[in-house]
file run_30.tsv (TSV, C-alpha atoms)
chain	number	residue	atom	x	y	z
A	1	MET	CA	-37.86	-12.16	71.99
A	2	ALA	CA	-40.86	-14.09	70.85
A	3	LYS	CA	-42.34	-10.94	69.42
A	4	ILE	CA	-39.27	-10.25	67.30
A	5	ARG	CA	-39.28	-13.83	66.09
A	6	LYS	CA	-42.93	-13.66	65.21
A	7	ALA	CA	-42.49	-10.33	63.44
A	8	VAL	CA	-39.57	-11.57	61.35
A	9	THR	CA	-41.45	-14.69	60.37
A	10	VAL	CA	-44.54	-12.73	59.38
A	11	ILE	CA	-42.46	-10.31	57.33
A	12	LEU	CA	-40.68	-13.15	55.52
A	13	ARG	CA	-43.96	-14.85	54.75
A	14	LEU	CA	-45.43	-11.61	53.43
A	15	ILE	CA	-42.45	-11.11	51.13
A	16	ALA	CA	-42.80	-14.68	49.88
A	17	LEU	CA	-46.52	-14.18	49.33
A	18	ALA	CA	-45.91	-11.02	47.33
A	19	ALA	CA	-43.25	-12.74	45.25
A	20	THR	CA	-45.41	-15.74	44.42
A	21	VAL	CA	-48.38	-13.54	43.53
A	22	VAL	CA	-46.20	-11.43	41.23
A	23	ALA	CA	-44.76	-14.53	39.60
A	24	VAL	CA	-48.16	-16.07	38.92
A	25	VAL	CA	-49.87	-12.90	37.71
A	26	ILE	CA	-47.10	-11.80	35.37
A	27	MET	CA	-46.65	-15.19	33.83
A	28	VAL	CA	-50.37	-15.71	33.29
A	29	THR	CA	-50.80	-12.30	31.63
A	30	SER	CA	-47.79	-12.64	29.36
A	31	LYS	CA	-48.77	-13.28	25.81
A	32	GLU	CA	-47.32	-12.03	22.60
A	33	THR	CA	-47.99	-12.55	18.93
A	34	ALA	CA	-45.28	-12.09	16.37
A	35	HIS	CA	-45.44	-12.16	12.62
A	36	VAL	CA	-42.40	-13.76	11.11
A	37	LEU	CA	-42.39	-13.95	7.32
A	38	ASN	CA	-45.88	-15.21	6.67
A	39	LEU	CA	-46.30	-17.12	9.88
A	40	THR	CA	-48.10	-15.93	12.97
A	41	PHE	CA	-46.24	-16.94	16.04
A	42	THR	CA	-47.98	-16.81	19.42
A	43	ALA	CA	-46.15	-17.19	22.67
A	44	LYS	CA	-48.18	-18.13	25.72
A	45	PHE	CA	-47.24	-19.80	28.95
A	46	THR	CA	-49.63	-22.68	28.26
A	47	HIS	CA	-47.46	-23.84	25.38
A	48	THR	CA	-44.86	-25.19	27.79
A	49	PRO	CA	-45.57	-27.77	30.50
A	50	ALA	CA	-42.75	-26.40	32.63
A	51	PHE	CA	-44.40	-22.98	32.81
A	52	LYS	CA	-47.78	-24.51	33.58
A	53	TYR	CA	-46.18	-26.44	36.43
A	54	TYR	CA	-44.49	-23.22	37.56
A	55	VAL	CA	-47.77	-21.30	37.72
A	56	VAL	CA	-49.56	-24.10	39.57
A	57	ALA	CA	-46.73	-24.60	42.05
A	58	GLU	CA	-46.40	-20.90	42.82
A	59	ALA	CA	-50.16	-20.64	43.27
A	60	ILE	CA	-50.12	-23.54	45.73
A	61	ALA	CA	-47.24	-21.94	47.62
A	62	GLY	CA	-49.09	-18.62	47.74
A	63	VAL	CA	-52.24	-20.23	49.12
A	64	TYR	CA	-50.18	-22.12	51.70
A	65	THR	CA	-48.49	-18.87	52.76
A	66	ILE	CA	-51.86	-17.24	53.34
A	67	VAL	CA	-53.00	-20.23	55.40
A	68	ALA	CA	-49.77	-20.25	57.40
A	69	LEU	CA	-50.12	-16.53	58.12
A	70	LEU	CA	-53.64	-17.00	59.37
A	71	LEU	CA	-52.75	-20.01	61.50
A	72	SER	CA	-49.62	-18.49	62.95
A	73	SER	CA	-51.09	-18.07	66.41
A	74	ARG	CA	-51.75	-21.72	67.09
A	75	SER	CA	-48.71	-23.37	68.58
A	76	LEU	CA	-50.24	-26.83	68.37
A	77	LEU	CA	-49.67	-26.85	64.64
A	78	ALA	CA	-46.05	-25.71	64.93
A	79	ARG	CA	-44.53	-29.00	63.85
A	80	LEU	CA	-47.01	-29.46	61.02
A	81	ILE	CA	-46.29	-25.98	59.71
A	82	LEU	CA	-42.57	-26.64	59.93
A	83	ILE	CA	-42.80	-29.83	57.92
A	84	LEU	CA	-45.14	-28.25	55.38
A	85	ASP	CA	-42.68	-25.35	55.10
A	86	VAL	CA	-39.99	-27.81	54.08
A	87	VAL	CA	-42.28	-29.38	51.49
A	88	VAL	CA	-43.37	-26.03	50.07
A	89	ALA	CA	-39.76	-24.82	49.92
A	90	MET	CA	-38.90	-27.88	47.89
A	91	VAL	CA	-41.88	-27.35	45.60
A	92	LEU	CA	-40.81	-23.74	45.03
A	93	THR	CA	-37.21	-24.65	44.22
A	94	SER	CA	-38.37	-27.39	41.89
A	95	SER	CA	-40.77	-25.15	39.98
A	96	ILE	CA	-38.26	-22.34	39.53
A	97	SER	CA	-35.60	-24.80	38.41
A	98	ALA	CA	-37.88	-26.35	35.81
A	99	ALA	CA	-39.00	-22.97	34.46
A	100	LEU	CA	-35.42	-21.70	34.35
A	101	ALA	CA	-34.26	-24.78	32.44
A	102	ILE	CA	-36.82	-24.21	29.69
A	103	ALA	CA	-36.38	-20.44	29.70
A	104	GLN	CA	-32.64	-20.88	29.22
A	105	VAL	CA	-33.30	-22.90	26.09
A	106	GLY	CA	-35.72	-20.25	24.92
A	107	LYS	CA	-33.18	-17.51	25.37
A	108	HIS	CA	-30.01	-19.17	24.13
A	109	GLY	CA	-31.25	-22.10	22.13
A	110	ASN	CA	-29.44	-25.39	21.98
A	111	SER	CA	-27.26	-25.71	18.93
A	112	HIS	CA	-26.60	-29.40	19.50
A	113	ALA	CA	-30.28	-30.25	19.31
A	114	GLY	CA	-31.11	-27.76	16.59
A	115	TRP	CA	-33.33	-25.66	18.82
A	116	LEU	CA	-33.40	-21.98	17.93
A	117	PRO	CA	-33.90	-19.33	20.59
A	118	ILE	CA	-37.26	-17.61	20.50
A	119	CYS	CA	-36.50	-14.43	22.42
A	120	GLY	CA	-35.55	-12.64	19.24
A	121	GLN	CA	-39.07	-12.95	17.90
A	122	VAL	CA	-41.04	-12.29	21.07
A	123	PRO	CA	-38.96	-9.88	23.18
A	124	HIS	CA	-41.78	-8.55	25.35
A	125	TYR	CA	-42.86	-12.06	26.29
A	126	CYS	CA	-39.29	-12.83	27.25
A	127	ASP	CA	-39.05	-9.69	29.37
A	128	LYS	CA	-42.19	-10.54	31.30
A	129	LEU	CA	-40.94	-14.07	31.77
A	130	ILE	CA	-37.71	-12.73	33.22
A	131	ILE	CA	-39.64	-10.67	35.77
A	132	SER	CA	-41.79	-13.64	36.70
A	133	LEU	CA	-38.79	-15.94	37.09
A	134	VAL	CA	-36.94	-13.42	39.25
A	135	ALA	CA	-40.01	-13.18	41.50
A	136	GLY	CA	-40.20	-16.97	41.73
A	137	PHE	CA	-36.53	-17.15	42.62
A	138	VAL	CA	-37.02	-14.56	45.37
A	139	ALA	CA	-39.92	-16.61	46.72
A	140	ALA	CA	-37.80	-19.76	46.86
A	141	LEU	CA	-34.92	-17.93	48.56
A	142	VAL	CA	-37.21	-16.31	51.12
A	143	TYR	CA	-38.75	-19.66	51.98
A	144	LEU	CA	-35.32	-21.20	52.50
A	145	LEU	CA	-34.39	-18.24	54.71
A	146	LEU	CA	-37.61	-18.74	56.65
A	147	LEU	CA	-36.77	-22.38	57.25
A	148	VAL	CA	-33.25	-21.62	58.41
A	149	TYR	CA	-34.58	-18.89	60.69
A	150	THR	CA	-37.19	-21.17	62.20
A	151	LEU	CA	-34.68	-23.91	62.88
A	152	ARG	CA	-32.25	-21.38	64.30
A	153	ALA	CA	-34.68	-20.94	67.17
A	154	ALA	CA	-33.46	-24.31	68.40
A	155	LEU	CA	-30.08	-22.79	69.22
A	156	SER	CA	-31.48	-21.01	72.20
A	157	PRO	CA	-30.59	-22.82	75.44
A	158	VAL	CA	-34.20	-22.64	76.53
A	159	PHE	CA	-35.07	-25.30	73.99
A	160	ALA	CA	-33.82	-28.80	74.15
A	161	ILE	CA	-30.96	-29.84	71.94
A	162	LYS	CA	-30.42	-33.54	72.08
A	163	SER	CA	-26.83	-34.55	71.69
B	1	MET	CA	-35.23	-42.93	80.78
B	2	GLY	CA	-35.14	-46.25	79.01
B	3	ARG	CA	-37.92	-45.15	76.70
B	4	ALA	CA	-36.04	-42.05	75.59
B	5	GLU	CA	-32.94	-44.10	74.84
B	6	VAL	CA	-34.89	-46.61	72.80
B	7	VAL	CA	-36.45	-43.81	70.79
B	8	GLN	CA	-33.07	-42.19	70.25
B	9	LYS	CA	-31.52	-45.43	69.05
B	10	ARG	CA	-34.39	-46.03	66.70
B	11	GLN	CA	-34.03	-42.55	65.27
B	12	LYS	CA	-30.31	-43.04	64.74
B	13	ALA	CA	-30.84	-46.36	62.99
B	14	ALA	CA	-33.59	-44.89	60.83
B	15	ILE	CA	-31.46	-41.95	59.78
B	16	MET	CA	-28.47	-44.17	59.04
B	17	ALA	CA	-30.54	-46.52	56.86
B	18	LEU	CA	-32.14	-43.61	55.01
B	19	ARG	CA	-28.78	-41.95	54.44
B	20	VAL	CA	-27.22	-45.08	53.00
B	21	ALA	CA	-30.16	-45.58	50.66
B	22	ALA	CA	-30.14	-41.92	49.59
B	23	LEU	CA	-26.39	-42.08	49.02
B	24	LEU	CA	-26.79	-45.10	46.77
B	25	ALA	CA	-29.63	-43.50	44.83
B	26	THR	CA	-27.96	-40.15	44.23
B	27	ALA	CA	-24.58	-41.70	43.46
B	28	ALA	CA	-26.23	-43.98	40.91
B	29	ALA	CA	-27.99	-41.01	39.35
B	30	THR	CA	-24.76	-39.03	39.14
B	31	ILE	CA	-22.79	-41.84	37.55
B	32	VAL	CA	-25.47	-42.83	35.04
B	33	MET	CA	-26.01	-39.26	33.88
B	34	ALA	CA	-22.32	-38.39	33.81
B	35	LEU	CA	-21.53	-41.35	31.58
B	36	ASN	CA	-24.49	-40.68	29.33
B	37	LYS	CA	-23.29	-40.36	25.78
B	38	GLU	CA	-24.50	-41.62	22.47
B	39	THR	CA	-23.15	-41.23	18.97
B	40	ARG	CA	-25.19	-41.77	15.86
B	41	THR	CA	-23.98	-41.60	12.30
B	42	PHE	CA	-26.32	-40.30	9.68
B	43	VAL	CA	-25.99	-40.53	5.97
B	44	VAL	CA	-26.34	-37.01	4.65
B	45	GLY	CA	-25.66	-37.52	0.99
B	46	THR	CA	-23.83	-39.46	-1.58
B	47	VAL	CA	-20.74	-38.48	-3.52
B	48	GLY	CA	-20.66	-40.74	-6.53
B	49	THR	CA	-21.38	-44.09	-4.98
B	50	THR	CA	-19.92	-43.59	-1.51
B	51	PRO	CA	-22.30	-42.29	1.16
B	52	VAL	CA	-21.20	-39.28	3.13
B	53	THR	CA	-21.83	-39.77	6.80
B	54	ALA	CA	-21.95	-37.30	9.61
B	55	SER	CA	-21.80	-38.39	13.19
B	56	VAL	CA	-23.79	-36.57	15.83
B	57	THR	CA	-23.10	-37.03	19.50
B	58	ALA	CA	-25.49	-36.48	22.35
B	59	LYS	CA	-23.70	-35.78	25.59
B	60	PHE	CA	-25.02	-34.64	28.90
B	61	GLN	CA	-22.82	-31.53	28.75
B	62	HIS	CA	-24.88	-30.19	25.87
B	63	THR	CA	-27.70	-29.32	28.24
B	64	PRO	CA	-27.05	-26.98	31.19
B	65	ALA	CA	-29.93	-28.52	33.12
B	66	ASN	CA	-28.24	-31.93	32.96
B	67	VAL	CA	-24.94	-30.44	34.07
B	68	PHE	CA	-26.73	-28.94	37.07
B	69	PHE	CA	-28.35	-32.33	37.68
B	70	VAL	CA	-24.97	-34.05	37.84
B	71	ILE	CA	-23.51	-31.39	40.11
B	72	ALA	CA	-26.53	-31.38	42.45
B	73	ASN	CA	-26.55	-35.15	42.79
B	74	ALA	CA	-22.79	-35.21	43.36
B	75	MET	CA	-23.12	-32.64	46.14
B	76	ALA	CA	-26.02	-34.54	47.69
B	77	SER	CA	-24.09	-37.82	47.69
B	78	ASN	CA	-21.08	-36.05	49.12
B	79	HIS	CA	-23.19	-34.60	51.94
B	80	ASN	CA	-24.69	-37.99	52.77
B	81	LEU	CA	-21.25	-39.59	52.62
B	82	MET	CA	-19.86	-37.03	55.07
B	83	MET	CA	-22.76	-37.56	57.46
B	84	ILE	CA	-22.45	-41.35	57.29
B	85	GLY	CA	-18.71	-41.05	57.84
B	86	SER	CA	-19.13	-38.82	60.85
B	87	ASP	CA	-21.66	-41.23	62.33
B	88	LEU	CA	-19.41	-44.20	61.77
B	89	PHE	CA	-16.34	-42.52	63.19
B	90	GLY	CA	-18.19	-41.48	66.28
B	91	LEU	CA	-18.19	-37.71	65.91
B	92	GLU	CA	-20.92	-36.46	68.15
B	93	PHE	CA	-23.03	-33.48	67.27
B	94	LYS	CA	-23.55	-31.45	70.35
B	95	GLY	CA	-24.84	-28.00	70.92
B	96	PHE	CA	-24.63	-25.84	67.86
B	97	LYS	CA	-23.92	-28.62	65.43
B	98	LEU	CA	-27.14	-30.57	65.75
B	99	PRO	CA	-29.39	-27.88	64.24
B	100	LEU	CA	-26.66	-27.42	61.64
B	101	VAL	CA	-27.19	-31.01	60.53
B	102	ALA	CA	-30.93	-30.45	60.16
B	103	VAL	CA	-30.40	-27.21	58.24
B	104	LEU	CA	-27.85	-28.82	55.95
B	105	ASP	CA	-30.17	-31.75	55.32
B	106	MET	CA	-32.94	-29.36	54.40
B	107	LEU	CA	-30.72	-27.37	52.04
B	108	ASN	CA	-29.60	-30.67	50.54
B	109	ALA	CA	-33.22	-31.56	49.85
B	110	ALA	CA	-33.88	-28.20	48.21
B	111	LEU	CA	-30.78	-28.46	46.00
B	112	LEU	CA	-31.60	-32.00	44.96
B	113	SER	CA	-35.20	-31.07	44.22
B	114	ALA	CA	-34.08	-28.23	41.94
B	115	GLY	CA	-31.56	-30.41	40.09
B	116	VAL	CA	-33.97	-33.27	39.53
B	117	HIS	CA	-36.84	-31.15	38.28
B	118	GLY	CA	-34.72	-29.11	35.90
B	119	ALA	CA	-33.42	-32.27	34.26
B	120	ALA	CA	-36.86	-33.87	34.27
B	121	PHE	CA	-38.50	-31.03	32.38
B	122	MET	CA	-35.61	-30.84	29.91
B	123	ALA	CA	-36.09	-34.57	29.34
B	124	GLN	CA	-39.79	-33.98	28.73
B	125	LEU	CA	-38.88	-31.31	26.19
B	126	ALA	CA	-36.44	-33.65	24.47
B	127	LYS	CA	-39.02	-36.40	24.35
B	128	ASN	CA	-42.00	-34.42	23.13
B	129	GLY	CA	-40.49	-31.39	21.49
B	130	ASN	CA	-42.39	-28.14	21.44
B	131	SER	CA	-44.35	-27.52	18.28
B	132	HIS	CA	-45.08	-23.91	19.17
B	133	ALA	CA	-41.42	-23.01	19.35
B	134	ARG	CA	-40.44	-25.27	16.45
B	135	TRP	CA	-38.23	-27.43	18.67
B	136	ASN	CA	-37.93	-30.97	17.40
B	137	GLU	CA	-37.91	-33.96	19.63
B	138	ILE	CA	-34.59	-35.73	19.76
B	139	CYS	CA	-35.46	-38.94	21.59
B	140	ASP	CA	-36.50	-40.78	18.47
B	141	ASN	CA	-32.94	-40.55	17.21
B	142	PHE	CA	-31.13	-41.03	20.48
B	143	GLN	CA	-33.11	-43.64	22.31
B	144	GLY	CA	-30.24	-45.01	24.38
B	145	TYR	CA	-29.33	-41.54	25.62
B	146	CYS	CA	-32.91	-40.79	26.56
B	147	ASN	CA	-33.39	-44.12	28.31
B	148	ARG	CA	-30.27	-43.73	30.39
B	149	GLY	CA	-31.22	-40.15	31.22
B	150	GLY	CA	-34.64	-41.36	32.31
B	151	VAL	CA	-33.12	-43.98	34.58
B	152	ALA	CA	-30.85	-41.38	36.16
B	153	ILE	CA	-33.77	-39.04	36.79
B	154	LEU	CA	-35.82	-41.84	38.34
B	155	ALA	CA	-32.96	-42.79	40.65
B	156	ALA	CA	-32.58	-39.16	41.66
B	157	TYR	CA	-36.32	-38.92	42.42
B	158	VAL	CA	-35.99	-41.89	44.76
B	159	GLY	CA	-33.02	-40.14	46.35
B	160	LEU	CA	-35.11	-36.99	46.68
B	161	LEU	CA	-37.88	-38.79	48.54
B	162	LEU	CA	-35.37	-40.41	50.84
B	163	THR	CA	-33.69	-37.04	51.46
B	164	LEU	CA	-37.07	-35.59	52.39
B	165	GLY	CA	-37.48	-38.42	54.90
B	166	ILE	CA	-34.02	-37.70	56.30
B	167	THR	CA	-34.92	-34.03	56.71
B	168	VAL	CA	-38.11	-34.86	58.56
B	169	VAL	CA	-36.35	-37.25	60.93
B	170	SER	CA	-33.53	-34.74	61.52
B	171	ILE	CA	-36.02	-32.03	62.42
B	172	VAL	CA	-37.93	-34.37	64.70
B	173	LYS	CA	-34.65	-35.23	66.42
B	174	LEU	CA	-34.26	-31.54	67.22
B	175	LEU	CA	-37.59	-31.35	68.94
B	176	LYS	CA	-36.80	-33.79	71.71
B	177	PRO	CA	-38.04	-32.65	75.10
B	178	LYS	CA	-35.32	-32.25	77.64
B	179	PRO	CA	-35.61	-34.31	80.81
B	180	LYS	CA	-37.49	-32.04	83.14
B	181	PRO	CA	-36.64	-31.27	86.72
B	182	GLN	CA	-39.50	-31.73	89.11
B	183	SER	CA	-41.00	-28.31	89.34
B	184	GLN	CA	-40.49	-26.75	85.95
B	185	PRO	CA	-42.81	-26.89	82.98
B	186	LEU	CA	-41.59	-28.67	79.90
B	187	ALA	CA	-39.90	-26.28	77.48
B	188	SER	CA	-39.95	-28.49	74.46
B	189	GLU	CA	-41.79	-27.13	71.47
B	190	ILE	CA	-40.09	-24.99	68.91
B	191	GLU	CA	-42.30	-22.00	68.53
B	192	VAL	CA	-43.39	-21.27	65.04
B	193	PRO	CA	-44.94	-17.86	65.46
call {"tool": "encode", "arguments": {"input": "run_30.tsv", "output": "structure tokens"}}
result
Amino acid sequence: MAKIRKAVTVILRLIALAATVVAVVIMVTSKETAHVLNLTFTAKFTHTPAFKYYVVAEAIAGVYTIVALLLSSRSLLARLILILDVVVAMVLTSSISAALAIAQVGKHGNSHAGWLPICGQVPHYCDKLIISLVAGFVAALVYLLLLVYTLRAALSPVFAIKS
Amino acid sequence: MGRAEVVQKRQKAAIMALRVAALLATAAATIVMALNKETRTFVVGTVGTTPVTASVTAKFQHTPANVFFVIANAMASNHNLMMIGSDLFGLEFKGFKLPLVAVLDMLNAALLSAGVHGAAFMAQLAKNGNSHARWNEICDNFQGYCNRGGVAILAAYVGLLLTLGITVVSIVKLLKPKPKPQSQPLASEIEVP
């Protein structure tokens, strides 16, 4: 029973680690230059604070996942890891939400504010961003699943449930 | 025995106080952002001697991130309201339902965090613009709208911190050791493998 629980947790953390690594790497290496009329138009992730925050947050979550995988045998730190899991899950959801908000403006524009969409001029940049955002979303979902699975262990009658 | 009861009462009082504060914060954020609207009239030209004006409205519905912000805060306040109501009306959470409360609190925190940060970064974009994408800032024309939006986001951040506190206390409530019989070891810790 404990082995299955440990195996599922390790697998979930590995999936989250892979997703965060993919998100960071693809967003950092996405860069495209377009020539529109006479203007040169470069699209990088550093142009937008939301994407910078996204990269930093996913990197922090990836490092934490590695640390949690290495520390997974010490039961003394169980509560600390649980609380840090909650914090990291919130950081992941916040970073993906911020990046999605800005990416939605980039793809569809905002006619009320006079903001034109940029995906028409830099389609490859937009494609890579989509991949990175999907990976970040998967990381957030997997972390939420991990939290629910960890707390579900409290349903077992062996553990105390205070009424 | 007395010690455990004192701790339990303190936890209940702490959670109740945090829930009321979080409810107030998220409800305030919802209402301020939902009523956020500003109309400005600009003079766009003159026909003869009469100026031709166009009126531009900034509403929260124009931005999907703000719509998500309102919805997330409304759901968070609703969750806190339900939990406060069930505490006041004496519904006890036994057995399966107590971990459900902790899980729901945690999902509430995640939802609120996503809503707040989406709106916060959209507000940053509206305030500073983005010169690389040729997006103009709009806060210099709509200062009232931006101020109210900022207040709503701040209130929601306070609600987010309080919701994080509620989650931590709810999880700690789950980890109570059960009163042990004489000859058995204490089976208390949740294992995080």
call {"tool": "closest_residue", "arguments": {"input": "run_30.tsv", "among": "A:Ile81, A:Arg152, A:Val122, A:Ala140", "to": "B:Val101", "atoms": "all atoms listed in the file"}}
result
A:Arg152
call {"tool": "closest_residue", "arguments": {"input": "run_30.tsv", "among": "A:Ala50, A:Ile66, A:Val55, A:Ala103", "to": "chain B", "atoms": "only C-alpha atoms"}}
result
A:Ala50
call {"tool": "atom_distance", "arguments": {"input": "run_30.tsv", "atom1": "atom CA of B:Ala21", "atom2": "atom CA of B:Gly159"}}
result
7.5 Å
call {"tool": "closest_residue", "arguments": {"input": "run_30.tsv", "among": "B:Val43, B:Met16, B:Ile153, B:Leu111", "to": "B:Leu81", "atoms": "all atoms listed in the file"}}
result
B:Met16
call {"tool": "atom_distance", "arguments": {"input": "run_30.tsv", "atom1": "atom CA of B:Tyr145", "atom2": "atom CA of B:Thr163"}}
result
26.6 Å
call {"tool": "closest_residue", "arguments": {"input": "run_30.tsv", "among": "A:Lys52, A:His47, A:Arg13, A:His124", "to": "A:Ala89", "atoms": "all atoms listed in the file"}}
result
A:Arg13
call {"tool": "closest_residue", "arguments": {"input": "run_30.tsv", "among": "A:Cys126, A:Leu92, A:Ile102, A:Ile118", "to": "A:Ala16", "atoms": "all atoms listed in the file"}}
result
A:Leu92
call {"tool": "residues_around", "arguments": {"input": "run_30.tsv", "residues": "A:Ala113", "least_positions_apart": "3", "cutoff": "8 Å", "atoms": "all atoms listed in the file", "output": "PDB file with C-alpha atoms, in the coordinates of the input"}}
result
ATOM      1  CA  ASN A 110     -29.440 -25.390  21.980  1.00  0.00           C
TER       2      ASN A 110
ATOM      3  CA  ASN B 136     -37.930 -30.970  17.400  1.00  0.00           C
ATOM      4  CA  ILE B 138     -34.590 -35.730  19.760  1.00  0.00           C
TER       5      ILE B 138
END
call {"tool": "atom_distance", "arguments": {"input": "run_30.tsv", "atom1": "atom CA of A:Phe45", "atom2": "atom CA of B:Gly149"}}
result
26.0 Å
call {"tool": "closest_residue", "arguments": {"input": "run_30.tsv", "among": "B:Lys37, B:Gln11, B:Leu174, B:Ala133", "to": "B:Thr57", "atoms": "all atoms listed in the file"}}
result
B:Lys37
call {"tool": "residues_around", "arguments": {"input": "run_30.tsv", "residues": "stretch 94-97 of chain A", "least_positions_apart": "5", "cutoff": "7 Å", "atoms": "only C-alpha atoms", "output": "list in words"}}
result
Tyr53, Tyr54, Ala57, Leu133, Gly136 and Phe137 of chain A; Ser113, Ala114, His117 and Gly118 of chain B
call {"tool": "axis_aligned_box", "arguments": {"input": "run_30.tsv", "around": "stretch 111-125 of chain A", "padding_each_side": "4 Å", "output": "AutoDock Vina command-line options"}}
result
--center_x -34.7 --center_y -19.4 --center_z 21.4 --size_x 24.3 --size_y 29.7 --size_z 17.7
call {"tool": "residues_around", "arguments": {"input": "run_30.tsv", "residues": "A:Val25", "least_positions_apart": "2", "cutoff": "12 Å", "atoms": "all atoms listed in the file", "output": "PyMOL selection string"}}
result
chain A and resi 18-23+27-31+45+54-56+58-59+62+128-129+131-133+135-136
call {"tool": "build_atoms", "arguments": {"input": "run_30.tsv", "residues": "stretch 25-38 of chain A", "atoms": "N, CA, C and O atoms", "output": "short mmCIF file (atom, residue, chain, number, x, y, z; two decimals), in the coordinates of the input"}}
result
data_model
loop_
_atom_site.label_atom_id
_atom_site.label_comp_id
_atom_site.auth_asym_id
_atom_site.auth_seq_id
_atom_site.Cartn_x
_atom_site.Cartn_y
_atom_site.Cartn_z
N VAL A 25 -49.08 -13.86 38.49
CA VAL A 25 -49.87 -12.90 37.71
C VAL A 25 -49.13 -12.52 36.44
O VAL A 25 -49.71 -12.47 35.34
N ILE A 26 -47.82 -12.27 36.56
CA ILE A 26 -47.10 -11.80 35.37
C ILE A 26 -46.97 -12.90 34.35
O ILE A 26 -47.06 -12.67 33.14
N MET A 27 -46.78 -14.14 34.83
CA MET A 27 -46.65 -15.19 33.83
C MET A 27 -47.99 -15.47 33.15
O MET A 27 -48.03 -15.77 31.96
N VAL A 28 -49.08 -15.41 33.89
CA VAL A 28 -50.37 -15.71 33.29
C VAL A 28 -50.75 -14.63 32.28
O VAL A 28 -51.38 -14.91 31.26
N THR A 29 -50.39 -13.38 32.54
CA THR A 29 -50.80 -12.30 31.63
C THR A 29 -49.78 -12.03 30.54
O THR A 29 -49.89 -11.03 29.85
N SER A 30 -48.79 -12.89 30.39
CA SER A 30 -47.79 -12.64 29.36
C SER A 30 -48.18 -13.39 28.11
O SER A 30 -48.32 -14.60 28.11
N LYS A 31 -48.38 -12.65 27.07
CA LYS A 31 -48.77 -13.28 25.81
C LYS A 31 -48.34 -12.34 24.71
O LYS A 31 -48.52 -11.14 24.80
N GLU A 32 -47.75 -12.91 23.68
CA GLU A 32 -47.32 -12.03 22.60
C GLU A 32 -47.46 -12.76 21.28
O GLU A 32 -47.24 -13.96 21.19
N THR A 33 -47.85 -12.00 20.28
CA THR A 33 -47.99 -12.55 18.93
C THR A 33 -46.99 -11.86 18.03
O THR A 33 -46.89 -10.64 18.03
N ALA A 34 -46.27 -12.65 17.28
CA ALA A 34 -45.28 -12.09 16.37
C ALA A 34 -45.56 -12.60 14.97
O ALA A 34 -46.05 -13.72 14.78
N HIS A 35 -45.27 -11.76 14.01
CA HIS A 35 -45.44 -12.16 12.62
C HIS A 35 -44.08 -12.28 11.98
O HIS A 35 -43.38 -11.28 11.81
N VAL A 36 -43.70 -13.52 11.70
CA VAL A 36 -42.40 -13.76 11.11
C VAL A 36 -42.64 -14.30 9.71
O VAL A 36 -43.28 -15.33 9.55
N LEU A 37 -42.11 -13.62 8.72
CA LEU A 37 -42.39 -13.95 7.32
C LEU A 37 -43.90 -14.00 7.14
O LEU A 37 -44.59 -13.03 7.35
N ASN A 38 -44.44 -15.14 6.80
CA ASN A 38 -45.88 -15.21 6.67
C ASN A 38 -46.54 -15.93 7.82
O ASN A 38 -47.74 -16.14 7.80
#
